[in-house]
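Shown next, in structure tokens, is the structure this report addresses.
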Amino acid sequence: MDELRDLYQEIILDHNKNPQNFHKLVDADFTLEGFNPLCGDHYTFYLKLDGETIEDIGFEGSGCAISKASASLMSSILKGKRKEEAEHLFSLFTDIVTGKIDPAEHIEELGKLAAFAGVADFPVRVKCATLPWHTMHGALQGKQDNITTE
Ligand code: ZN
């Protein structure tokens with residue numbers, strides 16, 4: 001697990017400093033805001049679909065390093081994925097950060113997402129890590145109301 005912890009720190013620092021897809025999509029099919037009042041994380045996510053595939057994804061907003069790194073990593077991983085793959089990764093990611101499953105058993109599927117397994121040790125940060133995923137999930141479900149973790 002030490003390796004995962006190092007990877008976690010590296011990914012958080014890297015994505016926080018240089019967030020991927022950190023911009024608005026003017027031609028988004030879905031736009032949804034996500035808010036975590038406990039920490040103050042607040043982002044808007046933009047999704048553009050091509051049929052069942054996520055063609056493009058972007059986000060704007062601000063929040064702590066964990067939420068921003070999670071949003072950045074999620075956006076780079078989901079680009080080009082099918083909706084059903086995105087929903088599958090959403091549930092896998094949620095199970096990892098809440099400690100429900102052992103990341104070691106899903107390492108290949110998780111890729112860099114496995115780094116967030118370390119969040120399971122910090123329950124107060126779980127919502128920071130999952131906020132982007134819940135918002136993306138809500139957008140794919142066609143939700144119009146903003147997503148809040150509370
Ligand atoms: Zn946060």
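Letters A, B, ... go to the chains of the structure tokens in the order shown; residues in each chain start at 1; ligands are counted from 1 in the same order.
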
Quiz item: Could you pull out the strand (DSSP E or B) residues of chain A from DSSP and send them as a ChimeraX atom specification?
Solution: /A:30-36,41-50,53-62,82,147-148

Each residue of stretch 96-143 of chain A lying at most 10 Å from stretch 18-31 of chain A should get a row with its shortest atom-to-atom pair and the distance in Å to one decimal, counting only C-alpha atoms; could you produce that, ordered by chain and increasing number, as a tab-separated table?
residue	atom	partner	partner_atom	distance
A:Thr135	CA	A:Thr31	CA	9.4
A:Met136	CA	A:Thr31	CA	9.1
A:Gly138	CA	A:Phe30	CA	9.6
A:Ala139	CA	A:Phe30	CA	5.9
A:Leu140	CA	A:Phe30	CA	7.5
A:Gln141	CA	A:Phe30	CA	9.6
A:Gly142	CA	A:Phe30	CA	7.3
A:Lys143	CA	A:Phe30	CA	8.9

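Around ligand 1, the neighbouring residues within 9 Å, taking only C-alpha atoms and all ligand atoms, come to A:Asn36, A:Pro37, A:Leu38, A:Cys39, A:Gly40, A:Asp41, A:His42, A:Gly63, A:Cys64, A:Ala65, A:Ile66, A:Ser67, A:Lys68, A:Val124, A:Arg125, A:Val126, A:Lys127, A:Cys128, A:Ala129, A:Leu131.
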
Exercise. Using DSSP on the backbone coordinates, identify all residues within stretch 35-145 of chain A classified as alpha helix (DSSP H); present the result as a PyMOL selection string.
Key: chain A and resi 65-78+83-97+107-110+126-140

Quiz item: Quick one: residues within 12 Å of A:Glu10, only C-alpha atoms counted, chain neighbours fewer than 6 positions away excluded, as a PyMOL selection string?
Solution: chain A and resi 3-4+16-18+65-66+69+112+115-116+118

If you keep N, CA, C and O atoms, can you produce a file of those selected residues as a PDB file, in the first residue's frame?
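The resulting file, part.pdb, is shown below:
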ATOM      1  N   GLU A   3       3.206   2.022  -1.988  1.00  0.00           N
ATOM      2  CA  GLU A   3       3.315   2.465  -3.378  1.00  0.00           C
ATOM      3  C   GLU A   3       2.092   3.270  -3.780  1.00  0.00           C
ATOM      4  O   GLU A   3       2.192   4.299  -4.438  1.00  0.00           O
ATOM      5  N   LEU A   4       0.909   2.755  -3.364  1.00  0.00           N
ATOM      6  CA  LEU A   4      -0.335   3.450  -3.682  1.00  0.00           C
ATOM      7  C   LEU A   4      -0.365   4.827  -3.039  1.00  0.00           C
ATOM      8  O   LEU A   4      -0.845   5.789  -3.607  1.00  0.00           O
ATOM      9  N   ASN A  16      -3.626  18.744  -9.346  1.00  0.00           N
ATOM     10  CA  ASN A  16      -4.054  19.992  -8.725  1.00  0.00           C
ATOM     11  C   ASN A  16      -3.316  21.171  -9.363  1.00  0.00           C
ATOM     12  O   ASN A  16      -3.875  22.235  -9.591  1.00  0.00           O
ATOM     13  N   LYS A  17      -2.045  20.936  -9.651  1.00  0.00           N
ATOM     14  CA  LYS A  17      -1.231  22.001 -10.233  1.00  0.00           C
ATOM     15  C   LYS A  17      -1.574  22.215 -11.716  1.00  0.00           C
ATOM     16  O   LYS A  17      -1.645  23.340 -12.192  1.00  0.00           O
ATOM     17  N   ASN A  18      -1.777  21.104 -12.422  1.00  0.00           N
ATOM     18  CA  ASN A  18      -2.068  21.175 -13.863  1.00  0.00           C
ATOM     19  C   ASN A  18      -3.346  20.403 -14.180  1.00  0.00           C
ATOM     20  O   ASN A  18      -3.293  19.328 -14.767  1.00  0.00           O
ATOM     21  N   ALA A  65      -7.588  20.471  -3.070  1.00  0.00           N
ATOM     22  CA  ALA A  65      -6.699  19.729  -3.973  1.00  0.00           C
ATOM     23  C   ALA A  65      -7.281  18.371  -4.338  1.00  0.00           C
ATOM     24  O   ALA A  65      -7.169  17.927  -5.486  1.00  0.00           O
ATOM     25  N   ILE A  66      -7.923  17.707  -3.387  1.00  0.00           N
ATOM     26  CA  ILE A  66      -8.446  16.364  -3.663  1.00  0.00           C
ATOM     27  C   ILE A  66      -9.592  16.412  -4.656  1.00  0.00           C
ATOM     28  O   ILE A  66      -9.650  15.635  -5.608  1.00  0.00           O
ATOM     29  N   ALA A  69      -8.162  17.385  -8.135  1.00  0.00           N
ATOM     30  CA  ALA A  69      -7.412  16.280  -8.731  1.00  0.00           C
ATOM     31  C   ALA A  69      -8.350  15.165  -9.176  1.00  0.00           C
ATOM     32  O   ALA A  69      -8.157  14.564 -10.235  1.00  0.00           O
ATOM     33  N   LYS A 112      -4.931   4.637 -12.847  1.00  0.00           N
ATOM     34  CA  LYS A 112      -4.531   5.690 -11.919  1.00  0.00           C
ATOM     35  C   LYS A 112      -5.570   5.966 -10.833  1.00  0.00           C
ATOM     36  O   LYS A 112      -5.252   6.537  -9.790  1.00  0.00           O
ATOM     37  N   ALA A 115      -5.055   5.217  -7.156  1.00  0.00           N
ATOM     38  CA  ALA A 115      -4.336   6.120  -6.258  1.00  0.00           C
ATOM     39  C   ALA A 115      -5.262   6.717  -5.207  1.00  0.00           C
ATOM     40  O   ALA A 115      -4.829   7.052  -4.106  1.00  0.00           O
ATOM     41  N   PHE A 116      -6.542   6.836  -5.550  1.00  0.00           N
ATOM     42  CA  PHE A 116      -7.489   7.461  -4.620  1.00  0.00           C
ATOM     43  C   PHE A 116      -7.927   6.520  -3.499  1.00  0.00           C
ATOM     44  O   PHE A 116      -8.702   6.910  -2.625  1.00  0.00           O
ATOM     45  N   GLY A 118      -6.281   5.787  -1.118  1.00  0.00           N
ATOM     46  CA  GLY A 118      -5.798   6.414   0.107  1.00  0.00           C
ATOM     47  C   GLY A 118      -6.835   7.282   0.799  1.00  0.00           C
ATOM     48  O   GLY A 118      -6.767   7.513   2.005  1.00  0.00           O
TER      49      GLY A 118
END

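Going from atom CA of A:Tyr8 to atom CA of A:Thr44 covers 24.0 Å.
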
Exercise. Find the spatial neighbours of stretch 90-101 of chain A, counting only C-alpha atoms, within a cut-off of 7 Å - ignore same-chain residues fewer than 2 positions away - and output them as a count of residues only.
Key: 11
